[in-house]
Amino acid sequence: MNNGIYKFIDVDINSKKIGGKARNLAILTQNEFPVPNGFVISTEAFTNNKLSEESINYIGSLLDKDSTYAVRSSAMVEDAANESWAGQFESYLNVKPTEIIDKIYECHNSKKDRAVSYANGEDVFDIAVVVQEMINAEYAGVVFSKNPVNGEDEIITEYVKGLGEDLVSGKKDPVQVIISDDLEKDNIPFDIMILKEYVNKIVKVYNNIPQDIEYAVSDGKIYILQSRPITTNKEKDEEVIELGSPEDLFYWGPSKAESIYMSDFFAGMKEFFDMLNKNEDMPKPPVTLCLFSNHQMVWLNNAEDFGNFVKEMFLYYEKNIDIDEDINKWNELKNKDLVKAFNQTEFAEFALYGAEGEIFNRLSRFEDKVKRDILTAFATPEDETFLNRLDRELVEKNNYKEMAKLYPWICDGYGGVKGINEAEKYFEERLELLNGKISEKINYIEKREELLSKYDLTSEELKSLELLQKLVKYMDDRKAWMMSSRRDIKNNLSNIENGWYYDGKTSKYLSSEETDKLFDRYVMFQSATGVLKGMVASSGNYHFVSGEVVVIDDSTKQVGEDKILVCPMTSPSYVPLMRKAKAIVTDHGGAMSHAAIVAREFGLPAIVGTKTATKVLKTGDKVMLNLLTGEIIK
C-alpha cells in the first residue's frame with residue numbers, strides 16, 4: 001500500500017482518494033503514453049493533514065536529487081447540504097527535492113476551510129497531491145481531438161516555445177495547426193504526426209470522448225502532461241455543456257430550494273457576472289452551471305477554476321473596494337430592491353471564499369497550527385453571529401412564543417417560507433436545548449492581542465486579516481437578511497426555473513429536459529459507487545441515465561415500465577420488453593448486435609458487452625448508466 005502513496009503505474013484508477021488529475025495521469029501512464037515520472041499522495045496518506053515519518057521517507061526514495069518537480073492539487077469535492085465550501089488550489093513548479101514535503105503540505109492544506117467557528121471541525125473538502133518530474137520544455141502546447149470552436153472532426157493544436165504557462169496565460173501568441181495527412185511539416189519544430197498518433201490512441205482509451213490534451217517537447221520527444229474531456233460549444237447541432245470530470249468539480253447547494261425563493265440571488269448574480277465581464281480590470285467568472293431538480297439546487301464549477309477566481313476576487317476587493325462603503329450601500333438597498341441588494345453583496349461573498357486561502361499563504365512562515373490560530377481569531381465576527389444573538393435573547397426572555405412573533409422568519413430560507421408554528425417549534429426546542437444557559441462569548445479581542453504580541457505580523461498582513469473579519473461579519477448579516485426577506489418575494493425575480501448555464505461570457509436558461517440530463521450527469525454521479533463497463537451502443541441522446549434494474553434471462557418475464565432491463569443478450573422476442581424499458585444493459589454483444597440495433601431504432605440508451613452485468617446486478621438495484629464512457633455505476 002505504501003501508506004497511500006502510489007506511483008502512477010500502480011494507481012487504482014477507481015479509487016475515490018486520488019482526485020481527477022491523478023486519475024487521468026494514471027490512466028495515461030498505465031496505457032503506456034510518455035508521461036513524466038510521478039506519483040500521488042492520496043487523501044488516505046494524511047492524518048490530521050500530516051504525513052507519517054514512514055511516508056516522508058518513502059517520498060524521498062521516489063525523488064531524484066538532480067531533478068525538479070511540479071507539486072499540484074488533485075481535488076475531491078463533495079456536496080455540503082447547507083454551507084459553501086470552496087477550494088483554494090495551488091500548484092508549485094520547479095520544486096527542489098529538499099522542498100517537496102513543505103510544498104506537499106502547502107498544496108494539501110490549501111483547501112478552502114470556511115471559518116473554523118462555522119466548520120465545527122468538519123472536513124468536507126479534501127485534496128490529494130500529485131508530484132511529477134519537471135520537463136525542460138523546448139515547446140509546449142494543447143491539442144484538441146475535435147475542433148472546440150466549430151465542432152468539426154479535426155485535430156487542432158496550439159503551441160509556444162517554452163513553458164505551457166505562457167500559452168494558457170496568453171503571454172505568448174501560439175502557433176495554431178490543424179493536423180492533417182497533407183500538412184506541410186517543414187516549419188514545425190517537432191514530429192507533429194507522432195502527436196496525432198498519440199491523440200488518436202488517447203481518444204480510444206477514453207472511449208471516444210473528445211479530449212483536450214496538454215503536451216511538452218524536450219530533446220525532440222513529446223511528453224503527455226494531461227488529458228481531459230473537451231469543453232466545447234458544439235457537438236453536431238446540439239450544445240454540449242462540459243465542466244470536466246464530476247470528481248473535479250466544486251459543488252454547492254442548500255438541501256432544499258425552490259427557484260422562486262432563490263430568484264433574487266440568481267437575478268443579482270447574472271447582473272454581477274455581466275458587470276465583471278464588462279470591466280476589463282476585474283476578475284472573470286468561471287464557467288458555471290446551476291441546476292434545480294426535485295426541490296434541490298446545485299451550483300457547479302470546475303473546482304480549480306473556482307479556486308483561482310475567488311483568490312483573484314479577494315485580491316481585487318482588498319485593493320479596490322472599501323468594505324465599509326460596500327456595506328453601507330447594501331444597507332440602503334436591502335429594504336428597497338432584493339435583486340440589487342444581492343448583487344451588491346456578491347463581490348464580498350466571493351472575496352470571502354478566497355480570503356482564507358490567500359491569507360494562509362501569506363502566513364506561510366508560520367507552522368500550520370499558528371496560521372490556523374491567527375485565522376480563527378480574525379475569521380470570527382467581533383460581535384456574535386446572529387444565531388448566537390438570538391440564543392442569548394431567547395434565554396433572557398425565556399419565552400419561545402414571544403421569540404417566534406419577533407422572528408417568524410427563523411425557519412425561512414431558499415426552500416421557502418414557513419409558518420408561525422415552525423418558528424415556535426424551533427424556539428421551543430432551542431430553549432430546551434440551551435437549558436437556561438448561553439455559552440460565554442469567546443473574547444477574540446484578547447485572543448487577537450495575545451497573538452499580535454506573540455507573532456510579528458506585518459501591517460499588510462494585519463490589514464488583510466481585519467478585512468477578513470469584516471467580510472465574515474458582512475456575510476453573517478447577509479444570511480440573516482436573506483432568511484428574513486423571503487417573505488417579500490411574491491413572484492419569480494429571474495427567468496430561472498430549471499437551470500442556468502454561464503459559459504464564461506453569456507448566460508443561457510436551461511429547459512427541464514436539459515436540467516434533468518445534467519443533474520443525472522453531475523449530481524447523481526457523485527453518489528454512485530461500484531463500476532461495470534461495456535460498450536455504448538446507443539446513447540438515446542442522454543449523457544447519464546439512472547433507474548431501477550430488472551434482471552431477466554427470459555423474454556416471457558413480466559417487467560414494469562420505465563425500468564433498466566439487464567439481460568445476457570437479446571433477440572427479437574425481447575422487443576416488447578425493450579419498448580417499455582428506460583434503458584438496456586447486456587452481458588454480450590457489440591455495436592451491431594440485435595440489442596444495439598433495436599436500441600438505436602427506439603432511441604433507447606444501451607450499454608452492451610459488459611460480460612458480468614447479470615451477475616453483478618440484482619433486480620431492484622439503483623444504478624447510473626454513464627453513456628459517455630460505458631460505465632454502469634451501482
# chains A, B, ... in the order shown; residues from 1 in each chain; ligands from 1
$ residues_around --residues "segment 278-284 of chain A" --least-positions-apart "3" --cutoff "8 Å" --atoms "only C-alpha atoms" --output "list in words"
Phe273, Asp274, Met275, Phe309, Glu312, Met313, Tyr316 and Gly504 of chain A
$ residues_around --residues "segment 622-628 of chain A" --least-positions-apart "3" --cutoff "10 Å" --atoms "only C-alpha atoms" --output "VMD selection string"
chain A and resid 206 to 209 520 to 521 524 to 525 527 to 550 563 to 564 583 to 585 605 to 607 617 to 619 631 to 634
$ write_last_selection --atoms "C-alpha atoms" --output "PDB file, in the first residue's frame"
ATOM      1  CA  TYR A 206     -11.274   7.414 -23.158  1.00  0.00           C
ATOM      2  CA  ASN A 207     -13.998   5.577 -25.068  1.00  0.00           C
ATOM      3  CA  ASN A 208     -14.010   8.038 -27.982  1.00  0.00           C
ATOM      4  CA  ILE A 209     -14.848  11.049 -25.838  1.00  0.00           C
ATOM      5  CA  ASP A 520     -28.035  12.952 -13.632  1.00  0.00           C
ATOM      6  CA  ARG A 521     -24.601  13.530 -15.092  1.00  0.00           C
ATOM      7  CA  MET A 524     -26.326  11.658  -9.260  1.00  0.00           C
ATOM      8  CA  PHE A 525     -22.903  10.517 -10.457  1.00  0.00           C
ATOM      9  CA  SER A 527     -23.293   9.416  -5.033  1.00  0.00           C
ATOM     10  CA  ALA A 528     -22.817   6.323  -7.180  1.00  0.00           C
ATOM     11  CA  THR A 529     -20.294   3.553  -6.452  1.00  0.00           C
ATOM     12  CA  GLY A 530     -19.378   0.199  -7.945  1.00  0.00           C
ATOM     13  CA  VAL A 531     -18.472   0.215 -11.640  1.00  0.00           C
ATOM     14  CA  LEU A 532     -19.244  -2.138 -14.527  1.00  0.00           C
ATOM     15  CA  LYS A 533     -18.228  -1.265 -18.037  1.00  0.00           C
ATOM     16  CA  GLY A 534     -19.308  -2.090 -21.579  1.00  0.00           C
ATOM     17  CA  MET A 535     -19.737  -0.519 -24.999  1.00  0.00           C
ATOM     18  CA  VAL A 536     -22.163   2.348 -25.539  1.00  0.00           C
ATOM     19  CA  ALA A 537     -24.321   1.032 -28.368  1.00  0.00           C
ATOM     20  CA  SER A 538     -26.903   3.813 -28.165  1.00  0.00           C
ATOM     21  CA  SER A 539     -26.939   6.986 -26.082  1.00  0.00           C
ATOM     22  CA  GLY A 540     -30.592   7.784 -26.678  1.00  0.00           C
ATOM     23  CA  ASN A 541     -29.381  11.411 -26.706  1.00  0.00           C
ATOM     24  CA  TYR A 542     -28.532  11.206 -22.988  1.00  0.00           C
ATOM     25  CA  HIS A 543     -25.275  11.586 -21.104  1.00  0.00           C
ATOM     26  CA  PHE A 544     -26.415   9.766 -17.972  1.00  0.00           C
ATOM     27  CA  VAL A 545     -29.500   7.720 -17.141  1.00  0.00           C
ATOM     28  CA  SER A 546     -30.454   6.479 -13.684  1.00  0.00           C
ATOM     29  CA  GLY A 547     -33.097   4.000 -12.621  1.00  0.00           C
ATOM     30  CA  GLU A 548     -34.070   0.681 -11.107  1.00  0.00           C
ATOM     31  CA  VAL A 549     -32.746  -2.555 -12.558  1.00  0.00           C
ATOM     32  CA  VAL A 550     -34.740  -5.620 -13.593  1.00  0.00           C
ATOM     33  CA  LYS A 563     -37.039   0.016 -15.704  1.00  0.00           C
ATOM     34  CA  ILE A 564     -33.462  -0.609 -16.801  1.00  0.00           C
ATOM     35  CA  ALA A 583     -32.550   1.590 -20.930  1.00  0.00           C
ATOM     36  CA  ILE A 584     -30.921  -1.761 -21.630  1.00  0.00           C
ATOM     37  CA  VAL A 585     -27.706  -3.440 -20.471  1.00  0.00           C
ATOM     38  CA  PRO A 605     -29.977   4.116 -24.111  1.00  0.00           C
ATOM     39  CA  ALA A 606     -27.980   0.868 -24.274  1.00  0.00           C
ATOM     40  CA  ILE A 607     -24.675  -0.439 -22.957  1.00  0.00           C
ATOM     41  CA  LEU A 617     -26.591  -6.527 -10.603  1.00  0.00           C
ATOM     42  CA  LYS A 618     -29.782  -7.670  -8.911  1.00  0.00           C
ATOM     43  CA  THR A 619     -33.410  -6.746  -9.520  1.00  0.00           C
ATOM     44  CA  GLU A 631     -19.754   2.664 -17.126  1.00  0.00           C
ATOM     45  CA  ILE A 632     -22.645   1.289 -15.058  1.00  0.00           C
ATOM     46  CA  ILE A 633     -22.398   2.654 -11.546  1.00  0.00           C
ATOM     47  CA  LYS A 634     -24.258   0.903  -8.748  1.00  0.00           C
TER      48      LYS A 634
END
$ closest_residue --among "A:Asp10, A:Glu184, A:Glu513, A:Asp488" --to "Gly416 of chain A" --atoms "only C-alpha atoms"
A:Asp488
$ closest_residue --among "A:Arg228, A:Lys270, A:Lys582, A:Arg389" --to "Asn343 of chain A" --atoms "only C-alpha atoms"
A:Lys270
$ closest_atom_pairs --of "segment 260-351 of chain A" --to "segment 20-40 of chain A" --cutoff "12 Å" --atoms "only C-alpha atoms" --output "Markdown table"
| residue | atom | partner | partner_atom | distance |
| --- | --- | --- | --- | --- |
| A:Asn302 | CA | A:Gly20 | CA | 11.1 |
| A:Ala303 | CA | A:Gly20 | CA | 10.8 |
| A:Glu304 | CA | A:Lys21 | CA | 10.7 |
$ atom_distance --atom1 "atom CA of Lys505 of chain A" --atom2 "atom CA of Pro285 of chain A"
8.5 Å
$ atom_distance --atom1 "atom CA of Met134 of chain A" --atom2 "atom CA of Ser42 of chain A"
20.2 Å
$ residues_around --residues "Asp337 of chain A" --least-positions-apart "2" --cutoff "12 Å" --atoms "only C-alpha atoms" --output "PDB file with C-alpha atoms, in the first residue's frame"
ATOM      1  CA  ASP A 264     -33.309  37.393  -6.318  1.00  0.00           C
ATOM      2  CA  PHE A 265     -29.950  35.705  -5.732  1.00  0.00           C
ATOM      3  CA  ALA A 267     -31.023  37.634 -10.926  1.00  0.00           C
ATOM      4  CA  GLY A 268     -28.442  39.555  -8.898  1.00  0.00           C
ATOM      5  CA  LYS A 329     -24.664  50.742   0.140  1.00  0.00           C
ATOM      6  CA  TRP A 330     -26.075  47.271   0.793  1.00  0.00           C
ATOM      7  CA  ASN A 331     -27.921  48.552   3.873  1.00  0.00           C
ATOM      8  CA  GLU A 332     -29.511  51.241   1.695  1.00  0.00           C
ATOM      9  CA  LEU A 333     -30.630  48.672  -0.889  1.00  0.00           C
ATOM     10  CA  LYS A 334     -31.715  45.680   1.162  1.00  0.00           C
ATOM     11  CA  ASN A 335     -35.184  47.037   2.042  1.00  0.00           C
ATOM     12  CA  VAL A 339     -32.011  41.861  -6.683  1.00  0.00           C
ATOM     13  CA  LYS A 340     -29.792  44.919  -6.429  1.00  0.00           C
ATOM     14  CA  ALA A 341     -29.099  44.150  -2.773  1.00  0.00           C
ATOM     15  CA  PHE A 342     -27.906  40.622  -3.582  1.00  0.00           C
ATOM     16  CA  ASN A 343     -25.863  41.999  -6.474  1.00  0.00           C
ATOM     17  CA  GLN A 344     -24.201  44.421  -4.065  1.00  0.00           C
ATOM     18  CA  SER A 485     -36.558  38.698   3.268  1.00  0.00           C
ATOM     19  CA  ASP A 488     -41.081  39.757   0.391  1.00  0.00           C
ATOM     20  CA  ILE A 489     -40.808  37.542  -2.716  1.00  0.00           C
ATOM     21  CA  LEU A 493     -37.499  37.608  -9.960  1.00  0.00           C
TER      22      LEU A 493
END
$ select_by_dssp --residues "segment 421-503 of chain A" --states "strand (DSSP E or B)" --output "ChimeraX atom specification"
/A:499-502
$ residues_around --residues "Ile222 of chain A" --least-positions-apart "4" --cutoff "9 Å" --atoms "only C-alpha atoms" --output "MDAnalysis selection string"
chainID A and resid 34 190:191 194:195 215:218
$ residues_around --residues "Leu243 of chain A" --least-positions-apart "6" --cutoff "9 Å" --atoms "only C-alpha atoms" --output "number ranges by chain"
A: 229-231, 249, 287-289, 300-302
$ residues_around --residues "Ile5 of chain A" --least-positions-apart "4" --cutoff "9 Å" --atoms "only C-alpha atoms" --output "ChimeraX atom specification"
/A:1,11,39-42,44-45,55,58-59
$ write_last_selection --atoms "N, CA and C atoms" --output "compact mmCIF listing (two decimals), in the first residue's frame"
# COMPACT_ATOMS: atom_id res chain seq x y z
N MET A 1 0.81 -1.22 0.00
CA MET A 1 0.00 0.00 0.00
C MET A 1 0.84 1.27 0.00
N VAL A 11 -1.47 3.07 -9.54
CA VAL A 11 -2.70 3.67 -9.01
C VAL A 11 -3.92 2.85 -9.42
N PHE A 39 4.00 10.54 -8.95
CA PHE A 39 3.23 9.75 -8.00
C PHE A 39 2.17 10.65 -7.36
N VAL A 40 1.22 10.01 -6.68
CA VAL A 40 0.16 10.76 -6.00
C VAL A 40 0.16 10.40 -4.52
N ILE A 41 0.05 11.44 -3.68
CA ILE A 41 -0.16 11.23 -2.26
C ILE A 41 -1.66 11.33 -2.05
N SER A 42 -2.32 10.19 -1.87
CA SER A 42 -3.77 10.16 -1.76
C SER A 42 -4.21 10.77 -0.43
N GLU A 44 -5.82 9.40 1.86
CA GLU A 44 -5.66 8.46 2.98
C GLU A 44 -4.27 8.49 3.57
N ALA A 45 -3.29 9.11 2.87
CA ALA A 45 -1.93 9.19 3.39
C ALA A 45 -1.80 10.23 4.51
N SER A 55 6.00 7.68 5.55
CA SER A 55 5.56 8.22 4.27
C SER A 55 6.56 9.24 3.72
N TYR A 58 9.44 7.44 2.36
CA TYR A 58 9.12 6.78 1.09
C TYR A 58 9.08 7.80 -0.05
N ILE A 59 8.52 8.96 0.21
CA ILE A 59 8.51 10.02 -0.81
C ILE A 59 9.94 10.38 -1.21
$ atom_distance --atom1 "atom CA of Val310 of chain A" --atom2 "atom CA of Gly413 of chain A"
24.7 Å
$ closest_residue --among "A:Leu604, A:Ala355, A:Ile241, A:Leu276" --to "Asp503 of chain A" --atoms "only C-alpha atoms"
A:Ile241
$ closest_residue --among "A:Thr614, A:Thr458, A:Thr629, A:Ser259" --to "Val551 of chain A" --atoms "only C-alpha atoms"
A:Thr614
$ select_by_dssp --residues "segment 163-232 of chain A" --states "helix (DSSP H, G or I)" --output "number ranges by chain"
A: 165-168, 192-205
$ closest_residue --among "A:Gly354, A:Leu291, A:Leu468, A:Ser15" --to "Leu510 of chain A" --atoms "only C-alpha atoms"
A:Leu291
